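Peer 1: The following file, model38.cif, comprises mmCIF, C-alpha atoms:
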data_upload
loop_
_atom_site.label_atom_id
_atom_site.label_comp_id
_atom_site.auth_asym_id
_atom_site.auth_seq_id
_atom_site.Cartn_x
_atom_site.Cartn_y
_atom_site.Cartn_z
CA MET A 99 -65.19 24.08 3.69
CA ALA A 100 -66.01 25.97 6.86
CA ARG A 101 -63.26 26.28 9.45
CA MET A 102 -63.43 23.43 11.89
CA ILE A 103 -62.25 22.88 15.40
CA ALA A 104 -62.26 19.76 17.54
CA CYS A 105 -63.56 19.43 21.08
CA ARG A 106 -60.71 18.97 23.52
CA HIS A 107 -62.52 16.35 25.59
CA CYS A 108 -64.21 14.12 23.00
CA ASP A 109 -62.49 14.98 19.71
CA THR A 110 -65.78 15.78 17.93
CA LEU A 111 -65.35 18.08 14.97
CA VAL A 112 -67.44 21.20 15.34
CA GLU A 113 -67.70 24.38 13.33
CA TYR A 114 -65.38 27.18 14.44
CA PRO A 115 -67.40 29.14 17.00
CA THR A 116 -68.17 32.73 16.06
CA LEU A 117 -69.56 34.33 19.17
CA SER A 118 -70.98 37.69 20.00
CA HIS A 119 -70.61 39.38 23.38
CA ALA A 120 -71.30 37.31 26.50
CA GLU A 121 -71.91 34.09 24.61
CA SER A 122 -70.22 30.75 25.07
CA ALA A 123 -69.92 27.72 22.82
CA TYR A 124 -70.45 24.19 24.16
CA CYS A 125 -69.59 20.87 22.56
CA PRO A 126 -72.84 19.22 21.34
CA VAL A 127 -71.61 15.73 22.25
CA CYS A 128 -69.88 16.04 25.62
CA ASN A 129 -70.97 19.52 26.71
CA TYR A 130 -67.41 20.82 27.11
CA ARG A 131 -67.20 24.61 27.08
CA ILE A 132 -65.17 25.17 23.95
CA SER A 133 -65.01 28.94 23.94
CA ILE A 134 -66.29 31.96 25.82
CA ARG A 135 -66.48 35.55 24.74
CA PRO A 136 -66.67 38.08 27.55
CA LYS A 137 -67.44 41.66 26.66
CA TYR A 138 -63.88 42.99 26.47
CA SER A 139 -61.87 39.82 26.61
CA LEU A 140 -58.24 40.62 25.94
CA GLN A 141 -58.41 44.29 26.89
CA PHE A 142 -59.72 43.22 30.29
CA THR A 143 -56.97 40.65 30.65
CA LEU A 144 -54.33 43.27 29.92
CA SER A 145 -55.71 45.90 32.26
CA PHE A 146 -56.20 43.42 35.10
CA SER A 147 -52.69 42.07 34.56
CA ILE A 148 -51.20 45.53 34.84
CA SER A 149 -53.08 46.22 38.06
CA CYS A 150 -52.05 42.77 39.33
CA MET A 151 -48.42 43.74 38.84
CA PHE A 152 -48.78 46.74 41.17
CA LEU A 153 -50.84 44.78 43.68
CA LEU A 154 -48.27 41.98 43.80
CA PHE A 155 -45.63 44.60 44.55
CA ILE A 156 -47.72 46.08 47.38
CA THR A 157 -48.44 42.58 48.73
CA ASN A 158 -44.74 41.88 49.01
CA VAL A 159 -43.65 45.21 50.46
CA PHE A 160 -46.18 45.68 53.24
CA PRO A 161 -46.67 43.34 56.23
CA PHE A 162 -49.14 40.56 55.62
CA ILE A 163 -50.48 39.41 58.99
CA SER A 164 -49.17 40.08 62.46
CA ILE A 165 -50.08 38.35 65.69
CA ASN A 166 -49.80 39.44 69.26
CA ALA A 167 -49.85 37.02 72.17
CA ASN A 168 -48.83 37.75 75.75
CA GLY A 169 -46.60 40.63 74.72
CA ASN A 170 -44.87 38.59 72.04
CA SER A 171 -45.56 39.83 68.55
CA GLN A 172 -44.66 38.42 65.20
CA THR A 173 -45.15 39.95 61.77
CA MET A 174 -45.28 37.90 58.61
CA TYR A 175 -44.63 39.12 55.10
CA PHE A 176 -46.24 37.40 52.13
CA ILE A 177 -43.04 35.83 50.89
CA GLU A 178 -42.14 34.51 54.34
CA SER A 179 -44.63 31.67 54.14
CA SER A 180 -42.20 29.91 51.82
CA PHE A 181 -39.00 30.94 53.61
CA ALA A 182 -40.28 29.60 56.94
CA PHE A 183 -40.25 26.08 55.48
CA PHE A 184 -36.69 26.64 54.33
CA GLU A 185 -35.58 27.65 57.79
CA GLN A 186 -37.12 24.51 59.23
CA GLY A 187 -35.29 22.29 56.77
CA GLN A 188 -38.21 21.54 54.43
CA TRP A 189 -36.63 23.05 51.35
CA LEU A 190 -38.68 21.00 48.86
CA LEU A 191 -41.89 22.41 50.29
CA SER A 192 -40.39 25.85 50.39
CA ILE A 193 -39.55 25.65 46.67
CA PHE A 194 -43.07 24.47 45.86
CA VAL A 195 -44.74 27.25 47.86
CA PHE A 196 -42.41 29.88 46.40
CA MET A 197 -43.00 28.70 42.84
CA SER A 198 -46.77 28.35 43.07
CA LEU A 199 -47.36 31.60 44.95
CA PHE A 200 -44.77 33.91 43.49
CA VAL A 201 -42.89 32.70 40.42
CA PHE A 202 -45.79 31.27 38.37
CA PRO A 203 -48.16 34.19 38.95
CA LEU A 204 -45.35 36.64 38.23
CA ILE A 205 -44.46 34.91 34.96
CA ILE A 206 -48.14 34.79 33.98
CA ILE A 207 -48.71 38.48 34.73
CA LEU A 208 -45.51 39.78 33.13
CA GLY A 209 -45.91 37.42 30.18
CA LEU A 210 -49.47 38.55 29.54
CA ILE A 211 -48.44 42.21 29.66
CA TYR A 212 -45.48 41.53 27.36
CA ILE A 213 -47.70 39.72 24.84
CA LEU A 214 -50.89 41.74 24.98
CA TYR A 215 -49.58 45.30 25.23
CA PRO A 216 -47.94 45.36 21.77
CA MET A 217 -50.80 43.34 20.30
CA ILE A 218 -53.56 45.67 21.45
CA PHE A 219 -51.88 49.06 21.28
CA MET A 220 -49.33 48.71 18.51
CA ARG A 221 -50.83 45.90 16.43
CA LYS A 222 -47.50 44.14 16.60
CA VAL A 223 -46.47 40.73 17.82
CA ALA A 224 -43.58 40.78 20.25
CA PRO A 225 -40.76 38.27 19.62
CA GLY A 226 -41.22 34.96 21.42
CA THR A 227 -44.98 35.41 21.73
CA HIS A 228 -45.85 31.88 20.59
CA PHE A 229 -43.45 30.25 23.01
CA LEU A 230 -44.50 32.45 25.93
CA ALA A 231 -48.20 32.02 25.24
CA ARG A 232 -47.81 28.26 25.27
CA ILE A 233 -46.07 28.42 28.66
CA ILE A 234 -48.68 30.77 30.10
CA PHE A 235 -51.57 28.55 29.09
CA LYS A 236 -49.82 25.57 30.65
CA MET A 237 -49.06 27.46 33.85
CA LYS A 238 -52.60 28.72 34.25
CA SER A 239 -53.68 25.67 36.22
CA TRP A 240 -50.59 25.72 38.43
CA ASN A 241 -50.97 29.09 40.05
CA MET A 242 -52.46 28.62 43.48
CA ILE A 243 -53.34 32.20 44.34
CA ASP A 244 -57.02 31.52 45.03
CA VAL A 245 -56.24 28.34 46.99
CA TYR A 246 -53.90 30.33 49.23
CA LEU A 247 -56.67 32.84 49.90
CA ILE A 248 -58.92 30.09 51.28
CA ALA A 249 -55.95 28.74 53.25
CA ILE A 250 -55.54 32.17 54.88
CA LEU A 251 -59.19 32.11 55.95
CA ALA A 252 -58.78 28.59 57.31
CA SER A 253 -55.67 29.41 59.30
CA LEU A 254 -57.17 32.66 60.61
CA THR A 255 -59.79 30.76 62.59
CA LYS A 256 -57.01 28.78 64.22
CA LEU A 257 -54.92 31.91 64.84
CA MET A 258 -57.83 33.84 66.33
CA SER A 259 -58.09 31.27 69.12
CA LEU A 260 -54.38 31.56 69.93
CA ALA A 261 -53.58 35.24 69.66
CA GLN A 262 -54.67 38.68 68.58
CA VAL A 263 -54.48 38.96 64.83
CA GLU A 264 -53.84 42.15 62.91
CA PHE A 265 -54.25 42.44 59.17
CA GLY A 266 -51.58 44.34 57.30
CA TYR A 267 -51.92 46.26 54.05
CA GLY A 268 -50.29 43.32 52.31
CA LEU A 269 -53.27 41.08 53.08
CA TRP A 270 -55.78 43.55 51.65
CA ALA A 271 -53.63 43.98 48.56
CA TYR A 272 -53.40 40.21 48.25
CA MET A 273 -57.17 39.79 48.40
CA THR A 274 -57.62 42.32 45.62
CA PHE A 275 -54.76 40.72 43.73
CA SER A 276 -56.36 37.28 43.79
CA VAL A 277 -59.68 38.64 42.53
CA PHE A 278 -57.96 40.63 39.77
CA LEU A 279 -55.82 37.68 38.70
CA ALA A 280 -58.94 35.51 38.49
CA ALA A 281 -60.56 38.23 36.37
CA ALA A 282 -57.51 38.45 34.11
CA LEU A 283 -57.38 34.69 33.57
CA GLY A 284 -61.16 34.31 33.35
CA ASN A 285 -61.31 36.75 30.44
CA LEU A 286 -58.52 34.96 28.63
CA ASP A 287 -60.01 32.42 26.24
CA LYS A 288 -57.58 30.15 24.43
CA ILE A 289 -59.37 30.01 21.09
CA ARG A 290 -60.02 33.74 20.99
CA PHE A 291 -56.45 34.56 21.99
CA TRP A 292 -54.86 32.49 19.22
CA HIS A 293 -57.41 33.74 16.70
CA TYR A 294 -56.57 37.33 17.63
CA LEU A 295 -52.86 36.55 17.39
CA ASP A 296 -53.39 35.19 13.86
CA LYS A 297 -55.28 38.34 12.94
CA ILE A 298 -52.49 40.60 14.19
CA LEU A 299 -49.86 38.55 12.36
CA CYS A 300 -51.85 38.89 9.14
CA HIS A 301 -52.19 42.62 9.75
CA GLN A 302 -48.45 42.91 10.29
CA LYS A 303 -47.72 41.13 7.01
CA LEU A 304 -50.08 43.35 5.05
CA LYS A 305 -48.44 46.43 6.54
CA GLN A 306 -44.97 45.31 5.54
CA GLN A 307 -45.80 44.56 1.91
CA PRO A 308 -45.93 48.08 0.40
CA ASN A 309 -42.52 48.84 1.88
CA LYS A 310 -40.98 45.92 0.06
CA ILE A 311 -42.25 47.04 -3.35
CA MET B 66 -74.38 7.76 17.89
CA SER B 67 -75.33 9.13 14.50
CA SER B 68 -72.88 8.61 11.68
CA LYS B 69 -72.91 12.34 10.98
CA VAL B 70 -70.78 13.19 14.00
CA LYS B 71 -67.15 12.74 13.13
CA THR B 72 -64.06 13.00 15.24
CA ALA B 73 -60.87 14.75 14.28
CA ALA B 74 -59.00 11.46 14.44
CA GLN B 75 -61.32 9.90 11.85
CA GLN B 76 -60.59 12.79 9.51
CA ASN B 77 -56.83 12.31 10.03
CA LEU B 78 -56.55 15.51 12.01
CA ILE B 79 -54.83 16.21 15.31
CA LEU B 80 -55.96 18.97 17.62
CA CYS B 81 -53.18 21.03 19.17
CA LEU B 82 -54.03 21.24 22.86
CA ASN B 83 -52.07 24.47 23.27
CA CYS B 84 -53.78 26.58 20.64
CA TYR B 85 -56.71 24.50 19.30
CA HIS B 86 -55.32 24.41 15.79
CA LEU B 87 -56.19 21.37 13.69
CA ASN B 88 -53.10 19.80 12.16
CA SER B 89 -52.76 16.97 9.70
CA LYS B 90 -51.73 13.63 11.14
CA SER B 91 -48.25 13.75 9.58
CA ASN B 92 -47.16 16.75 11.64
CA SER B 93 -45.29 16.26 14.88
CA ASN B 94 -45.38 19.94 15.83
CA CYS B 95 -48.28 22.33 15.58
CA SER B 96 -48.03 24.51 12.49
CA ARG B 97 -49.32 27.55 14.38
CA CYS B 98 -47.79 27.53 17.86
CA LEU B 99 -44.90 25.08 17.18
CA GLY B 100 -45.74 23.04 20.27
CA ARG B 101 -45.53 19.26 20.25
CA ILE B 102 -48.71 17.49 19.21
CA GLU B 103 -49.82 13.90 19.58
CA LEU B 104 -52.97 12.12 18.53
CA ARG B 105 -53.68 11.19 22.15
CA LYS B 106 -51.58 12.03 25.15
CA ASP B 107 -50.37 8.94 26.96
CA PRO B 108 -52.60 6.35 25.15
CA ASN B 109 -51.36 3.43 27.28
CA PHE B 110 -51.81 5.25 30.61
CA GLN B 111 -48.16 4.78 31.57
CA TRP B 112 -47.78 8.26 33.00
CA THR B 113 -51.28 8.32 34.43
CA LEU B 114 -50.76 5.06 36.31
CA ALA B 115 -47.22 5.92 37.40
CA TRP B 116 -48.40 9.16 39.01
CA LEU B 117 -51.44 7.43 40.44
CA PHE B 118 -49.34 4.78 42.21
CA THR B 119 -46.99 7.49 43.45
CA ALA B 120 -49.98 9.23 44.98
CA ILE B 121 -51.24 6.03 46.61
CA ILE B 122 -47.82 5.24 48.11
CA LEU B 123 -47.32 8.78 49.41
CA TYR B 124 -50.80 8.78 50.88
CA VAL B 125 -49.67 6.48 53.70
CA PRO B 126 -46.94 8.72 55.21
CA ALA B 127 -49.13 11.76 54.58
CA ASN B 128 -51.69 10.40 57.02
CA VAL B 129 -49.49 8.52 59.49
CA LEU B 130 -46.77 11.11 60.13
CA PRO B 131 -47.49 14.42 61.89
CA VAL B 132 -48.25 17.30 59.55
CA MET B 133 -47.11 19.85 62.13
CA THR B 134 -45.83 19.88 65.67
CA THR B 135 -46.87 22.52 68.16
CA VAL B 136 -44.13 23.22 70.70
CA SER B 137 -45.50 25.16 73.65
CA PHE B 138 -43.53 25.72 76.87
CA GLY B 139 -41.26 22.79 76.05
CA LEU B 140 -44.21 20.51 75.42
CA SER B 141 -44.45 19.22 71.85
CA LEU B 142 -47.78 18.17 70.42
CA PRO B 143 -47.75 16.43 67.02
CA ASN B 144 -50.81 16.74 64.81
CA THR B 145 -51.71 14.54 61.86
CA ILE B 146 -54.13 15.64 59.15
CA VAL B 147 -57.04 13.72 60.65
CA SER B 148 -56.36 14.86 64.22
CA GLY B 149 -56.12 18.45 62.97
CA VAL B 150 -59.61 18.17 61.51
CA ILE B 151 -60.96 16.62 64.71
CA ASP B 152 -59.30 19.41 66.73
CA LEU B 153 -60.93 22.10 64.62
CA TRP B 154 -64.31 20.37 64.95
CA GLN B 155 -64.01 20.19 68.72
CA HIS B 156 -63.07 23.85 68.92
CA GLY B 157 -66.34 24.69 67.19
CA SER B 158 -65.06 25.96 63.84
CA TYR B 159 -67.26 23.58 61.90
CA ILE B 160 -67.06 25.25 58.50
CA ILE B 161 -63.28 25.31 58.44
CA ALA B 162 -63.18 21.74 59.75
CA LEU B 163 -65.45 20.67 56.91
CA VAL B 164 -63.39 22.57 54.31
CA ILE B 165 -60.15 20.94 55.50
CA PHE B 166 -61.88 17.57 55.81
CA PHE B 167 -63.07 17.68 52.22
CA ALA B 168 -59.93 19.27 50.79
CA SER B 169 -57.40 16.99 52.42
CA ILE B 170 -59.20 13.71 53.08
CA VAL B 171 -62.20 13.27 50.79
CA ILE B 172 -60.91 14.85 47.58
CA PRO B 173 -57.56 13.00 47.31
CA ILE B 174 -59.23 9.61 47.88
CA PHE B 175 -62.05 10.50 45.50
CA LYS B 176 -59.57 11.60 42.84
CA ILE B 177 -57.48 8.44 43.13
CA CYS B 178 -60.63 6.28 42.86
CA VAL B 179 -62.00 8.23 39.89
CA ILE B 180 -58.76 8.11 37.89
CA ALA B 181 -58.37 4.40 38.63
CA TRP B 182 -61.95 3.77 37.56
CA LEU B 183 -61.60 5.81 34.37
CA VAL B 184 -58.50 3.85 33.37
CA ILE B 185 -60.08 0.49 34.24
CA SER B 186 -63.32 1.32 32.43
CA ILE B 187 -61.41 2.21 29.26
CA LYS B 188 -59.24 -0.90 29.49
CA LEU B 189 -62.37 -3.06 29.84
CA GLY B 190 -64.00 -1.33 26.89
CA TYR B 191 -66.91 -0.17 29.02
CA GLY B 192 -69.12 1.67 26.56
CA VAL B 193 -71.85 3.47 28.49
CA ALA B 194 -72.00 6.70 30.47
CA LYS B 195 -69.25 8.35 28.42
CA LYS B 196 -70.70 11.78 29.02
CA GLN B 197 -70.88 11.22 32.77
CA ARG B 198 -67.33 9.91 32.83
CA THR B 199 -66.11 12.96 30.92
CA LYS B 200 -67.96 15.15 33.42
CA LEU B 201 -66.33 13.27 36.29
CA TYR B 202 -62.92 13.84 34.73
CA ARG B 203 -63.65 17.54 34.31
CA PHE B 204 -64.65 17.73 37.96
CA ILE B 205 -61.50 16.11 39.33
CA GLU B 206 -59.36 18.19 37.00
CA TRP B 207 -60.96 21.35 38.37
CA ILE B 208 -60.97 20.39 42.02
CA GLY B 209 -57.38 19.08 42.14
CA ARG B 210 -55.71 22.33 43.16
CA TRP B 211 -57.97 22.87 46.14
CA SER B 212 -56.45 19.98 48.05
CA MET B 213 -53.39 22.17 48.55
CA ILE B 214 -55.22 24.20 51.23
CA ASP B 215 -53.75 22.12 54.03
CA VAL B 216 -50.16 22.61 52.84
CA TYR B 217 -50.66 26.38 52.76
CA VAL B 218 -52.32 26.42 56.17
CA VAL B 219 -49.20 24.73 57.56
CA ALA B 220 -47.05 27.26 55.67
CA ILE B 221 -48.88 30.21 57.22
CA LEU B 222 -48.90 28.77 60.74
CA VAL B 223 -45.21 27.86 60.56
CA ALA B 224 -44.27 31.33 59.34
CA LEU B 225 -46.42 33.17 61.83
CA ILE B 226 -46.26 31.23 65.06
CA GLN B 227 -42.61 31.48 66.03
CA LEU B 228 -43.00 33.01 69.48
CA GLY B 229 -39.80 31.67 70.94
CA GLY B 230 -40.38 29.47 73.98
CA VAL B 231 -44.05 30.37 74.38
CA MET B 232 -45.28 28.72 71.25
CA GLN B 233 -43.71 27.45 68.11
CA ILE B 234 -45.05 25.41 65.20
CA GLU B 235 -42.76 23.16 63.22
CA PRO B 236 -43.66 21.48 59.92
CA GLY B 237 -43.75 17.68 59.82
CA TRP B 238 -42.86 15.29 57.03
CA ALA B 239 -46.51 14.63 56.30
CA ALA B 240 -46.79 18.13 54.84
CA LEU B 241 -44.24 17.22 52.20
CA ALA B 242 -45.82 13.80 51.59
CA PHE B 243 -49.26 15.33 51.29
CA CYS B 244 -47.98 17.97 48.89
CA GLY B 245 -46.57 15.06 46.88
CA VAL B 246 -49.93 13.28 46.91
CA VAL B 247 -51.75 16.32 45.56
CA LEU B 248 -49.10 17.05 42.93
CA ALA B 249 -49.05 13.39 41.82
CA THR B 250 -52.83 13.24 41.45
CA MET B 251 -52.74 16.52 39.53
CA PHE B 252 -50.07 15.19 37.18
CA SER B 253 -52.01 11.97 36.84
CA ALA B 254 -55.22 13.80 35.93
CA ASN B 255 -53.26 16.02 33.57
CA SER B 256 -51.74 13.13 31.65
CA PHE B 257 -55.09 11.38 31.29
CA ASP B 258 -56.75 12.13 27.98
CA PRO B 259 -60.58 12.13 28.16
CA ARG B 260 -60.77 11.60 24.41
CA LEU B 261 -59.76 8.00 25.08
CA ILE B 262 -63.15 7.51 26.77
CA TRP B 263 -64.83 8.33 23.47
CA ASP B 264 -62.34 6.51 21.24
CA SER B 265 -62.97 3.07 22.66
CA ILE B 266 -66.62 3.16 21.64
CA LYS B 267 -66.31 4.65 18.21
CA GLU B 268 -63.76 2.15 17.02
CA LYS B 269 -66.04 -0.79 17.72
#
Can the structure from this file be put into structure tokens for me?

Peer 2:
Amino acid sequence: MARMIACRHCDTLVEYPTLSHAESAYCPVCNYRISIRPKYSLQFTLSFSISCMFLLFITNVFPFISINANGNSQTMYFIESSFAFFEQGQWLLSIFVFMSLFVFPLIIILGLIYILYPMIFMRKVAPGTHFLARIIFKMKSWNMIDVYLIAILASLTKLMSLAQVEFGYGLWAYMTFSVFLAAALGNLDKIRFWHYLDKILCHQKLKQQPNKI
Amino acid sequence: MSSKVKTAAQQNLILCLNCYHLNSKSNSNCSRCLGRIELRKDPNFQWTLAWLFTAIILYVPANVLPVMTTVSFGLSLPNTIVSGVIDLWQHGSYIIALVIFFASIVIPIFKICVIAWLVISIKLGYGVAKKQRTKLYRFIEWIGRWSMIDVYVVAILVALIQLGGVMQIEPGWAALAFCGVVLATMFSANSFDPRLIWDSIKEK
């Protein structure tokens, strides 16, 4: 019997999709996109994640936006958008903003590097990979990096009417960061990831066998 | 529907939503990724409806209370979500006004209506337009996060505009309530299982 897989949205059994480069598989019944295969899927995810790590660092270290009005100036750092809520007594909102803009993306990036680096370069599976991968796939929809980017654009129009706005290096790094994170997550296909993980596990077992005998 | 097309449930299989591994019905955890598996998530819509009602209740304070207050030279000016959109429109930034209008007024209402309709249509055993309903679900699942724009706009303005006595922006309780609305609709959409749309027809 051929390997089967079920569509996530309508439960129809379909044959396991074997795709070549730049192809995607759709469910024949409900048209759900079951799997995609970009050209260098997991390698791309890893390299974009590593660059995301550096960009997130730059985003946090350099000033984000600064305004200047009537001689008063104020500089904002990326992380301050959550701390400002805290100072005003809205700590629930501050926790939400901090989690969705910093903690979740950081866990996703570091987790992806931790999982993918040994898999691709050493053909090994790091301990805790299954658990971490499950968390990362669940968190994927809860990182709000791209939403925040649009929010910056929306608030800039309001700010421009009030004061002079200066963009810091942090903002440019953030823009690149959001594009790179989208690229990292866009190249990460669930089916292909778990299939690759199975392959590596099998490889690892085969490698260990001659040592035992 | 042709009899050839079979579902995983008919073959006594459960799909793991974490790793897309097909497990036999007797398993309670996926044999590959060890995550919990169920035949259908939330088959009686308890979670879906609970989150939906939370969203509806929170929607009232989110629109009535001020989302932020501008304090300028001792004069405080509260702004609700709707008045913020009207303000932006009057200042001539039409695109941003439209973005905020859709993200924080149209989409939450649309999402609440769609989830309610999906649940009602399944409960009534409504058997047509399954594909369209699945598409609708996919759309609200995708668009859910974008409603957060308004919360982040408030976050940026609050962090940036603290110019002492000249001008200061303080967050209002509506920001928290609105954040709750968006999160509740996202949880509600998350706990809804679109496979239930297809189940109701095939069993008959």

Peer 1: Can you list what the PyMOL selection byres ((chain A) within 7 of (chain B)) grabs from this structure, as number ranges by chain?

Peer 2: A: 103-104, 107-111, 128, 170, 172-174, 178-180, 182-183, 191, 228, 232, 245-246, 248-250, 252-253, 288-289, 292

Peer 1: Determine the residue set returned by the PyMOL selection byres ((chain A and resi 114-118) around 12) for the present structure, and present it as a PyMOL selection string.

Peer 2: (chain A and resi 99-105+110-113+119-125+131-139+289-290+293) or (chain B and resi 85-87)

Peer 1: Name the residues that the PyMOL selection byres ((chain A and resi 167) around 9) picks from the file above, as a list of chain:residue names, using the file's chain letters and numbers.

Peer 2: A:Ile165, A:Asn166, A:Asn168, A:Gly169, A:Asn170, A:Ser171, A:Gln172, A:Leu260, A:Ala261, A:Gln262, A:Val263, B:Leu228

Peer 1: Quick one, how far is CA of Trp270 in chain A from CA of Ile177 in chain A?

Peer 2: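 Here the two named atoms are 14.9 Å from each other.
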
Peer 1: As a PyMOL selection string, please: the residues near Lys176 in chain B (cut-off 8 Å, all atoms listed in the file, same-chain neighbours under 2 positions excluded).

Peer 2: chain B and resi 172-174+178-180+205+209+250

Peer 1: Expressed in Å to a single decimal, how great is the separation between CA of Thr113 in chain B and CA of Phe235 in chain A?

Peer 2: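 Separation between CA of Thr113 in chain B and CA of Phe235 in chain A: 20.9 Å.
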
Peer 1: Can you tell me which residues surround Ile163 in chain A at a distance of at most 6 Å, considering all atoms listed in the file, apart from same-chain residues fewer than 5 positions away, and format the answer as JSON, numbers by chain?

Peer 2: {"A": [174, 264, 265, 266]}

Peer 1: So, with only C-alpha atoms as the atoms that count, which of A:Lys238, A:Arg221, A:Lys256, A:Lys305 lies closest to Trp154 in chain B?

Peer 2: A:Lys256

Peer 1: By how many Å are CA of Val171 in chain B and CA of Val195 in chain A apart?

Peer 2: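 CA of Val195 in chain A lies 22.6 Å from CA of Val171 in chain B.
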
Peer 1: Rank nothing, just name the residue among B:Val136, B:Ile187, B:Val150, B:Ile170 nearest to Pro108 in chain B, using only C-alpha atoms.

Peer 2: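 Among B:Val136, B:Ile187, B:Val150, B:Ile170, it is B:Ile187 that comes nearest to Pro108 in chain B.
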